[in-house]
Each structure stands twice: as C-alpha cells, then as structure tokens.
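Raw query-v5.txt, compact mmCIF, C-alpha atoms:
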# COMPACT_ATOMS: atom_id res chain seq x y z
CA MET R 200 207.69 216.19 215.09
CA ARG R 201 211.45 216.50 214.78
CA PRO R 202 213.07 215.88 211.39
CA LEU R 203 213.58 212.15 210.78
CA SER R 204 217.32 212.63 211.10
CA GLU R 205 216.75 213.60 214.73
CA GLN R 206 214.27 210.86 215.59
CA THR R 207 214.74 207.53 217.36
CA ILE R 208 212.39 204.84 216.03
CA LEU R 209 211.89 201.34 217.43
CA ILE R 210 210.51 198.68 215.08
CA THR R 211 209.62 195.26 216.46
CA GLY R 212 210.03 192.34 214.09
CA ALA R 213 212.50 194.33 212.01
CA THR R 214 214.66 191.58 210.50
CA VAL R 215 212.35 190.52 207.65
CA GLY R 216 209.26 191.56 205.73
CA LEU R 217 207.50 194.81 206.49
CA GLY R 218 209.65 195.59 209.54
CA ARG R 219 212.85 195.24 207.54
CA TYR R 220 211.46 197.45 204.76
CA LEU R 221 210.51 200.16 207.26
CA ALA R 222 213.91 199.95 208.95
CA GLU R 223 215.76 200.48 205.68
CA ARG R 224 213.54 203.32 204.47
CA LEU R 225 213.75 205.18 207.78
CA ALA R 226 217.48 204.58 208.04
CA ALA R 227 217.90 206.00 204.54
CA ALA R 228 216.16 209.15 205.79
CA GLY R 229 218.72 209.45 208.57
CA ALA R 230 216.73 208.21 211.55
CA ARG R 231 218.25 206.39 214.48
CA VAL R 232 216.54 203.04 214.04
CA VAL R 233 216.39 200.39 216.74
CA MET R 234 215.76 197.03 215.06
CA HIS R 235 214.19 194.37 217.24
CA GLY R 236 214.65 190.69 216.50
CA ARG R 237 214.53 187.35 218.25
CA ASP R 238 217.64 185.65 216.87
CA ALA R 239 220.99 187.32 217.55
CA GLN R 240 222.70 186.24 214.34
CA ARG R 241 219.81 187.14 212.02
CA THR R 242 219.28 190.47 213.76
CA ALA R 243 222.96 191.40 213.52
CA GLN R 244 223.02 190.44 209.85
CA ALA R 245 219.89 192.49 209.12
CA ARG R 246 221.44 195.49 210.88
CA ASP R 247 224.65 195.18 208.87
CA GLU R 248 222.71 194.96 205.61
CA VAL R 249 220.68 198.07 206.45
CA VAL R 250 223.85 199.98 207.31
CA THR R 251 225.48 198.89 204.04
CA ALA R 252 222.40 199.80 202.00
CA THR R 253 221.88 203.23 203.58
CA GLY R 254 225.26 204.35 204.91
CA ASN R 255 223.53 205.14 208.20
CA GLU R 256 225.60 203.92 211.15
CA LYS R 257 222.94 204.95 213.69
CA ILE R 258 221.29 201.55 213.52
CA GLU R 259 221.02 199.57 216.74
CA THR R 260 219.59 196.19 217.67
CA VAL R 261 217.69 194.73 220.59
CA LEU R 262 216.79 191.11 221.22
CA ALA R 263 213.69 189.62 222.81
CA ASP R 264 211.31 186.72 222.31
CA LEU R 265 207.99 188.52 222.41
CA SER R 266 206.17 185.32 223.32
CA SER R 267 207.70 185.73 226.80
CA LEU R 268 206.36 188.64 228.85
CA LYS R 269 209.45 188.51 231.05
CA GLU R 270 211.57 189.12 227.95
CA VAL R 271 209.25 191.97 226.94
CA ASP R 272 209.75 193.40 230.42
CA SER R 273 213.54 193.10 230.12
CA LEU R 274 213.43 194.67 226.66
CA ALA R 275 211.55 197.69 228.01
CA THR R 276 214.04 198.06 230.86
CA GLU R 277 216.97 197.88 228.43
CA LEU R 278 215.47 200.50 226.13
CA ASP R 279 214.75 202.80 229.05
CA LEU R 280 218.40 202.60 230.05
CA ARG R 281 219.79 203.00 226.53
CA LEU R 282 217.59 205.69 225.04
CA PRO R 283 217.04 209.26 226.21
CA ARG R 284 213.69 209.28 224.40
CA LEU R 285 211.68 207.34 221.81
CA ASP R 286 209.97 209.31 219.03
CA VAL R 287 208.15 206.43 217.34
CA LEU R 288 207.23 202.90 218.40
CA VAL R 289 206.12 200.57 215.60
CA ASN R 290 204.52 197.40 216.96
CA ASN R 291 205.05 195.27 213.87
CA ALA R 292 206.14 191.83 215.11
CA GLY R 293 203.52 189.15 214.65
CA ILE R 294 202.71 185.61 213.60
CA GLY R 295 200.00 184.30 211.32
CA ALA R 296 197.56 181.41 211.65
CA GLY R 297 200.36 178.87 211.30
CA SER R 298 200.98 176.07 208.83
CA ASP R 299 198.54 173.86 210.76
CA ALA R 300 195.60 176.14 211.50
CA GLU R 301 194.00 173.58 213.84
CA ALA R 302 197.06 173.17 216.08
CA ARG R 303 196.68 175.40 219.14
CA GLU R 304 200.00 176.69 220.49
CA GLU R 305 200.83 178.41 223.74
CA SER R 306 203.56 180.87 224.70
CA ALA R 307 206.12 180.24 227.42
CA ASP R 308 203.60 181.89 229.76
CA GLY R 309 200.81 179.47 228.86
CA ILE R 310 198.93 182.05 226.78
CA GLU R 311 197.50 181.30 223.33
CA LEU R 312 200.42 182.14 221.08
CA ARG R 313 198.82 184.57 218.61
CA PHE R 314 197.15 186.55 221.40
CA ALA R 315 200.49 186.63 223.23
CA VAL R 316 202.73 187.76 220.35
CA ASN R 317 200.41 189.80 218.13
CA TYR R 318 198.64 191.67 220.88
CA LEU R 319 199.76 191.20 224.47
CA ALA R 320 203.47 191.85 223.86
CA GLY R 321 202.69 195.17 222.15
CA TYR R 322 200.14 196.08 224.83
CA TYR R 323 202.69 195.55 227.58
CA LEU R 324 205.61 197.10 225.68
CA GLY R 325 203.54 200.17 224.82
CA HIS R 326 202.60 200.73 228.43
CA ARG R 327 206.12 200.10 229.71
CA LEU R 328 207.62 202.53 227.19
CA THR R 329 205.03 205.26 227.71
CA PRO R 330 207.37 207.45 229.84
CA LEU R 331 210.11 207.17 227.19
CA ILE R 332 207.67 208.05 224.42
CA THR R 333 205.96 210.94 226.20
CA ARG R 334 209.40 212.35 226.95
CA ALA R 335 209.85 212.73 223.16
CA ALA R 336 206.46 214.36 222.54
CA PRO R 337 205.30 215.04 219.96
CA ALA R 338 205.66 211.31 219.34
CA ARG R 339 203.80 208.42 217.74
CA ILE R 340 202.83 204.80 218.23
CA VAL R 341 201.85 202.79 215.15
CA ASN R 342 200.31 199.34 215.54
CA ILE R 343 200.38 197.01 212.55
CA ALA R 344 196.92 195.48 212.59
CA SER R 345 194.87 193.69 209.96
CA ALA R 346 191.57 193.93 208.12
CA GLY R 347 191.06 190.35 209.26
CA GLN R 348 189.30 190.80 212.62
CA SER R 349 187.05 188.67 214.81
CA ALA R 350 185.19 189.72 217.92
CA ILE R 351 186.71 188.36 221.12
CA ASP R 352 184.69 185.67 222.90
CA PHE R 353 185.22 186.67 226.53
CA ASP R 354 183.85 183.30 227.67
CA ASP R 355 186.84 181.69 225.96
CA PRO R 356 189.21 184.48 224.88
CA LEU R 357 192.24 182.20 224.57
CA LEU R 358 190.31 179.70 222.45
CA THR R 359 190.81 176.63 224.59
CA HIS R 360 187.83 175.04 222.83
CA ALA R 361 187.07 174.76 219.11
CA TYR R 362 190.42 176.31 218.22
CA SER R 363 191.05 177.91 214.86
CA GLY R 364 194.36 179.53 213.94
CA ALA R 365 192.56 181.99 211.67
CA ARG R 366 190.19 183.04 214.45
CA ALA R 367 193.07 183.32 216.93
CA TYR R 368 194.92 185.59 214.52
CA ARG R 369 191.86 187.74 213.82
CA GLN R 370 191.02 188.09 217.51
CA SER R 371 194.57 189.17 218.27
CA LYS R 372 194.42 191.82 215.56
CA LEU R 373 191.12 193.21 216.81
CA ALA R 374 192.62 193.30 220.31
CA GLN R 375 195.45 195.43 218.86
CA ILE R 376 192.93 197.93 217.54
CA MET R 377 191.06 198.02 220.85
CA PHE R 378 194.38 198.73 222.58
CA THR R 379 195.07 201.47 220.01
CA LEU R 380 191.84 203.27 220.88
CA ASP R 381 192.42 202.96 224.62
CA LEU R 382 196.01 204.21 224.49
CA ALA R 383 195.05 207.09 222.21
CA ASP R 384 192.53 208.20 224.85
CA GLN R 385 195.10 207.80 227.61
CA LEU R 386 197.83 209.78 225.84
CA GLY R 387 195.63 212.30 224.06
CA ASP R 388 196.75 215.25 226.16
CA GLN R 389 200.42 214.23 226.27
CA GLY R 390 201.41 214.89 222.68
CA VAL R 391 201.48 211.23 221.58
CA THR R 392 199.30 209.94 218.73
CA VAL R 393 198.37 206.26 218.50
CA ASN R 394 196.99 204.67 215.32
CA ALA R 395 196.56 201.22 213.79
CA VAL R 396 196.93 200.24 210.16
CA HIS R 397 196.18 197.30 207.90
CA PRO R 398 199.13 197.95 205.58
CA ALA R 399 198.14 195.76 202.63
CA THR R 400 196.21 192.61 201.85
CA PHE R 401 198.21 189.38 201.83
CA MET R 402 201.65 190.92 201.38
CA ASP R 403 204.43 188.76 200.00
CA THR R 404 205.72 187.64 203.40
CA LYS R 405 206.68 184.39 205.06
CA MET R 406 203.56 184.65 207.23
CA VAL R 407 201.24 184.75 204.23
CA ARG R 408 203.04 181.97 202.36
CA GLU R 409 203.02 179.77 205.48
CA TRP R 410 199.26 180.24 205.60
CA GLY R 411 199.09 178.74 202.08
CA ILE R 412 197.84 181.98 200.52
CA THR R 413 199.13 183.41 197.25
CA PRO R 414 200.33 186.98 197.93
CA VAL R 415 198.39 189.75 196.23
CA SER R 416 200.30 192.80 197.52
CA THR R 417 203.95 193.71 197.76
CA ILE R 418 205.86 194.58 200.90
CA GLU R 419 206.59 197.94 199.28
CA GLU R 420 202.86 198.71 199.06
CA GLY R 421 202.36 197.89 202.71
CA GLY R 422 205.48 199.76 203.65
CA GLU R 423 204.41 202.95 201.93
CA ALA R 424 200.98 202.86 203.62
CA THR R 425 202.69 202.43 207.00
CA LEU R 426 205.34 205.09 206.43
CA ARG R 427 202.59 207.71 206.04
CA LEU R 428 201.60 207.21 209.67
CA ILE R 429 205.21 207.45 210.79
CA THR R 430 206.42 210.40 208.75
CA GLU R 431 203.60 212.63 207.46
CA ASP R 432 203.04 215.85 209.38
CA ARG R 433 199.25 215.53 209.46
CA PHE R 434 199.48 212.52 211.75
CA ASP R 435 200.70 214.81 214.52
CA GLU R 436 197.01 215.58 214.98
CA VAL R 437 195.35 212.24 214.08
CA SER R 438 194.97 209.67 216.85
CA GLY R 439 192.80 206.74 217.83
CA CYS R 440 192.12 205.73 214.23
CA TYR R 441 192.21 202.53 212.21
CA PHE R 442 193.42 202.75 208.62
CA ASN R 443 192.81 200.21 205.89
CA THR R 444 195.93 200.86 203.80
CA THR R 445 195.71 204.60 203.09
CA GLN R 446 192.08 205.22 204.07
CA GLU R 447 190.60 205.64 207.53
CA ASP R 448 188.11 202.84 208.11
CA ARG R 449 185.86 201.26 210.73
CA ALA R 450 187.14 198.23 212.57
CA ASP R 451 184.91 195.45 213.88
CA SER R 452 182.15 196.98 215.99
CA GLN R 453 183.51 195.41 219.20
CA ALA R 454 186.45 197.82 219.03
CA TYR R 455 184.10 200.70 219.83
CA ASP R 456 182.38 198.98 222.76
CA PRO R 457 183.75 200.54 225.99
CA ASP R 458 182.75 197.52 228.07
CA ALA R 459 184.52 195.10 225.73
CA ARG R 460 187.66 197.22 225.87
CA ARG R 461 187.44 197.32 229.67
CA ARG R 462 187.12 193.54 229.82
CA LEU R 463 190.12 193.18 227.50
CA ARG R 464 192.22 195.46 229.73
CA ILE R 465 191.30 193.44 232.81
CA LEU R 466 192.16 190.17 231.07
CA SER R 467 195.44 191.58 229.73
CA ASP R 468 196.57 192.93 233.09
CA GLU R 469 195.71 189.65 234.80
CA LEU R 470 197.69 187.63 232.25
CA ILE R 471 200.68 189.95 232.55
CA ALA R 472 200.62 189.88 236.35
CA GLN R 473 200.47 186.09 236.32
CA ALA R 474 203.32 185.80 233.81
CA LEU R 475 205.57 188.15 235.74
CA ASP R 476 204.51 186.72 239.10
CA ALA R 477 203.88 190.33 240.08
CA ASP R 478 201.88 191.76 242.94
CA THR R 479 200.24 194.29 240.61
CA GLU R 480 196.50 194.54 241.16
CA PRO R 481 194.54 194.14 237.89
CA GLU R 482 191.89 196.68 236.94
CA THR R 483 188.57 196.03 238.63
CA ASP R 484 184.99 197.00 237.90
CA ALA R 485 185.27 199.64 240.62
Let me see the structure of the file written as structure tokens.
Amino acid sequence: MRPLSEQTILITGATVGLGRYLAERLAAAGARVVMHGRDAQRTAQARDEVVTATGNEKIETVLADLSSLKEVDSLATELDLRLPRLDVLVNNAGIGAGSDAEAREESADGIELRFAVNYLAGYYLGHRLTPLITRAAPARIVNIASAGQSAIDFDDPLLTHAYSGARAYRQSKLAQIMFTLDLADQLGDQGVTVNAVHPATFMDTKMVREWGITPVSTIEEGGEATLRLITEDRFDEVSGCYFNTTQEDRADSQAYDPDARRRLRILSDELIAQALDADTEPETDA
C-alpha cells in the first residue's frame, strides 16, 4: 500500500475509545483521517484535539447516526463526492449489550438495535463504498468484531422473543465476521483485503463499563492489535481472516457455513431495501 502519509482512512465511531485512539495514531503518522461521529459538537471537538495532539491538519469529519440506514446511505454518498479514493475503511462503531440487558431496543428502521448498528450499518456502508475502496487498491477493510459470538437463529434473527442484550450483541458480532468472509471473497481479485479482529478483551471503554464489567485490557492494547491490520505490509496479502488480538483464530462455526452466510445476505438486503423503501430485489435462492 501507499505510505500512510498518502493514505485516506475512514474510521467509524472515531470520537471516543478505540476509534479515537486509532484516529490519533494514524494522524500522527501523517494519514488523512476521516473521523465519523454522531454528534456534531463532540465530533468537532475530537477532531480539534487530534489536530492539536498530532499537528496534522488533514483531519476531516463526517456525521451520521448509523442506526438509520438512510443516514448510512447519505454518508456513503457524501464520502463518494468528497474523496477521490479510500485506502482503508475501519468499521469500528458499535454498541454493547446496554445497561439493561433485558430491554430490547429497535433502530429508527424497526431493526433490533445491536444488529442494526454493529453489523448492518457496516455491511451496507462497506458495499456502498466498494467502488471508492477498489479505486485505491491495494486497499483494506478492517471490521472490529469480538470474541463474544453467538450463532444466528434464523427463525428469530432479530430476537423478538426471549431477548437478551448479550445474545443480541454476540449475534451482531458473528454477523460482522460472516460479512468479512463474504466481502473478502467478493473483492479477492480486486486488490482489497478484508479482515476482522477482536482487538482486546473488555477494554476500558464506556461500552464495557455500561455493561457492568470491570475492564481487563487497555484501549492501547486493543489499538495496537488493530493497527497491525491497518499498517503492516503483510496484510496486503492476508484476507478473509478473523484475528483474536494478534493471532489468527477460528470464529464460531456458523461463520464458515455457506448456507448461513447466504441466508444472512438475503436477510440483510431485505432489511436494507425495506428501510430505504427501495425497489432493489433481494438475493434469492436462484
């Protein structure tokens, strides 16, 4: 890939936690970093702090509520207009099980909230930005997944019955990995690598504290594990893999089931079409 000083890198959820750490480290290396956030004031403040800390003025911001697929769509359109190419996409934004793990929440589109934000937004954004990313090839997509994974129940994928915030979170993270494998196959001959990483266990983040868990890892530890996938030369040739911190690992077995991945694609495309009120035909068995 190009030197970092010549790369454009988009990080979703870049105002706090792991995303903020990655933004500052990559900015310090001279990259053009596009920091995504949901709140205009917090995003602008985070951008100013990164510029002050690094001296890099090539830091930009974009706004979108990733729980709304229409906002994800608008974000992709904006980026396509603003950027000549995108060298790295880091799908980092996410939410945990919530402070009340039994309280089921839905997105603005009526989709279970963790599935919508942790998985479906990145799925749609990745596909929408594919032309921008392939234009930069060699390029990379890095999905921030988790070692906490649960197989998707396709009879009730959005957990309308017997809801558990922990299960919703774990299903969404397995869906991310399934998407990683699919997109790696799709882009394998186009010079784009796609990988997923569990950066660290229970990092010291708002998400973990909200879950009532005492952190056991630092954001720096998770950040360093993630930066490898973004910056190290060897990942020009590694794609379709799941990493548990710094080691390649096996995800839940459902991730490697072609039929399960097909069913997830069909479900995802249907949900997106419904949310956008589009005429797009979802994938069929044919």
Residues near Ala213 (chain R), anyone? I mean within 6 Å using all atoms listed in the file, not counting same-chain ones fewer than 3 positions away, as a PyMOL selection string.
chain R and resi 210+218-219+234-235
Leaving out region 282-285 of chain R and any residue of its chain fewer than 2 positions from it, which residues lie within 10 Å of it when counting all atoms listed in the file, given as a PyMOL selection string?
chain R and resi 206-209+231+233+277-280+287-288+328-336+338-340
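Atom pair CA of Arg201 (chain R) / CA of Ser345 (chain R) has a distance of 28.6 Å (rounded to one decimal).
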Atom pair CA of Met406 (chain R) / CA of Val215 (chain R): separation (Å):
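Taking CA of Met406 (chain R) and CA of Val215 (chain R), their separation equals 10.6 Å.
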So, with only C-alpha atoms as the atoms that count, which of R:Thr276, R:Ser266, R:Asn290, R:Gln473 lies closest to Ser306 (chain R)?
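Closest to Ser306 (chain R), using only C-alpha atoms: R:Ser266.
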I'd like the neighbourhood of Gln375 (chain R) as a PDB file with C-alpha atoms, in the coordinates of the input, where a residue qualifies if any of its atoms comes within 9 Å (using all atoms listed in the file), though same-chain residues fewer than 4 positions away should be ignored.
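Final output, selection14.pdb:
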ATOM      1  CA  ASN R 317     200.410 189.800 218.130  1.00  0.00           C
ATOM      2  CA  TYR R 318     198.640 191.670 220.880  1.00  0.00           C
ATOM      3  CA  LEU R 319     199.760 191.200 224.470  1.00  0.00           C
ATOM      4  CA  GLY R 321     202.690 195.170 222.150  1.00  0.00           C
ATOM      5  CA  TYR R 322     200.140 196.080 224.830  1.00  0.00           C
ATOM      6  CA  ASN R 342     200.310 199.340 215.540  1.00  0.00           C
ATOM      7  CA  ILE R 343     200.380 197.010 212.550  1.00  0.00           C
ATOM      8  CA  ALA R 344     196.920 195.480 212.590  1.00  0.00           C
ATOM      9  CA  GLN R 370     191.020 188.090 217.510  1.00  0.00           C
ATOM     10  CA  SER R 371     194.570 189.170 218.270  1.00  0.00           C
ATOM     11  CA  THR R 379     195.070 201.470 220.010  1.00  0.00           C
ATOM     12  CA  LEU R 380     191.840 203.270 220.880  1.00  0.00           C
ATOM     13  CA  ALA R 395     196.560 201.220 213.790  1.00  0.00           C
TER      14      ALA R 395
END
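The closest residue to Glu311 (chain R), picked from R:Ile294, R:Ala227, R:Leu386, R:Ala243 and counting all atoms listed in the file, is R:Ile294.
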Nearest to Asp286 (chain R), chosen from R:Leu324, R:Ala374, R:Val341, R:Val415, with only C-alpha atoms counted in the distances
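When distances to Asp286 (chain R) are compared using only C-alpha atoms, the smallest one comes from R:Val341.
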So, with all atoms listed in the file as the atoms that count, which of R:Leu312, R:Leu203, R:Ile471, R:Ala450 lies closest to Tyr368 (chain R)?
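Once distances to Tyr368 (chain R) are computed over all atoms listed in the file, the minimum belongs to R:Leu312.
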Best match for closeness to Leu358 (chain R) among R:Asp458, R:Glu304, R:Asp272, R:Glu256, counting all atoms listed in the file:
R:Glu304
If I take CA of Gln446 (chain R) and CA of Asp352 (chain R), how far is one from the other in Å, to one decimal?
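For CA of Gln446 (chain R) relative to CA of Asp352 (chain R), the distance reads 28.1 Å.
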Extract, using only C-alpha atoms, all DNA, RNA and protein residues at most 12 Å from Glu305 (chain R), discarding same-chain residues fewer than 5 positions from it, and format them as a PyMOL selection string.
chain R and resi 266-267+310-316+357-359+362+364+367
Which one of R:Leu470, R:Val391, R:Ala300, R:Ala424 sits closest to Glu447 (chain R) if you count all atoms listed in the file?
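Checking each of R:Leu470, R:Val391, R:Ala300, R:Ala424 against Glu447 (chain R), counting all atoms listed in the file, the winner is R:Ala424.
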Skip Cys440 (chain R) itself and residues of its chain fewer than 2 positions away, then list as number ranges by chain all residues within 9 Å of it, counting only C-alpha atoms.
R: 376, 379-380, 383, 393-396, 437-438, 442, 447-449
Write the residues of the preceding selection, restricted to C-alpha atoms, as a tab-separated table (two decimals), keeping the file's coordinate frame.
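And here's selection.tsv as it stands now:
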chain	number	residue	atom	x	y	z
R	376	ILE	CA	192.93	197.93	217.54
R	379	THR	CA	195.07	201.47	220.01
R	380	LEU	CA	191.84	203.27	220.88
R	383	ALA	CA	195.05	207.09	222.21
R	393	VAL	CA	198.37	206.26	218.50
R	394	ASN	CA	196.99	204.67	215.32
R	395	ALA	CA	196.56	201.22	213.79
R	396	VAL	CA	196.93	200.24	210.16
R	437	VAL	CA	195.35	212.24	214.08
R	438	SER	CA	194.97	209.67	216.85
R	442	PHE	CA	193.42	202.75	208.62
R	447	GLU	CA	190.60	205.64	207.53
R	448	ASP	CA	188.11	202.84	208.11
R	449	ARG	CA	185.86	201.26	210.73
Do you know which residues lie at most 10 Å from (182.5, 192.2, 226.9), with coordinates as in the file and all atoms listed in the file counted, and could you write them as a VMD selection string?
chain R and resid 350 to 354 453 456 to 463
Would you mind exporting the chosen residues as an mmCIF file, in the coordinates of the input, restricted to C-alpha atoms?
data_model
loop_
_atom_site.group_PDB
_atom_site.id
_atom_site.type_symbol
_atom_site.label_atom_id
_atom_site.label_comp_id
_atom_site.auth_asym_id
_atom_site.auth_seq_id
_atom_site.Cartn_x
_atom_site.Cartn_y
_atom_site.Cartn_z
ATOM 1 C CA ALA R 350 185.190 189.720 217.920
ATOM 2 C CA ILE R 351 186.710 188.360 221.120
ATOM 3 C CA ASP R 352 184.690 185.670 222.900
ATOM 4 C CA PHE R 353 185.220 186.670 226.530
ATOM 5 C CA ASP R 354 183.850 183.300 227.670
ATOM 6 C CA GLN R 453 183.510 195.410 219.200
ATOM 7 C CA ASP R 456 182.380 198.980 222.760
ATOM 8 C CA PRO R 457 183.750 200.540 225.990
ATOM 9 C CA ASP R 458 182.750 197.520 228.070
ATOM 10 C CA ALA R 459 184.520 195.100 225.730
ATOM 11 C CA ARG R 460 187.660 197.220 225.870
ATOM 12 C CA ARG R 461 187.440 197.320 229.670
ATOM 13 C CA ARG R 462 187.120 193.540 229.820
ATOM 14 C CA LEU R 463 190.120 193.180 227.500
#
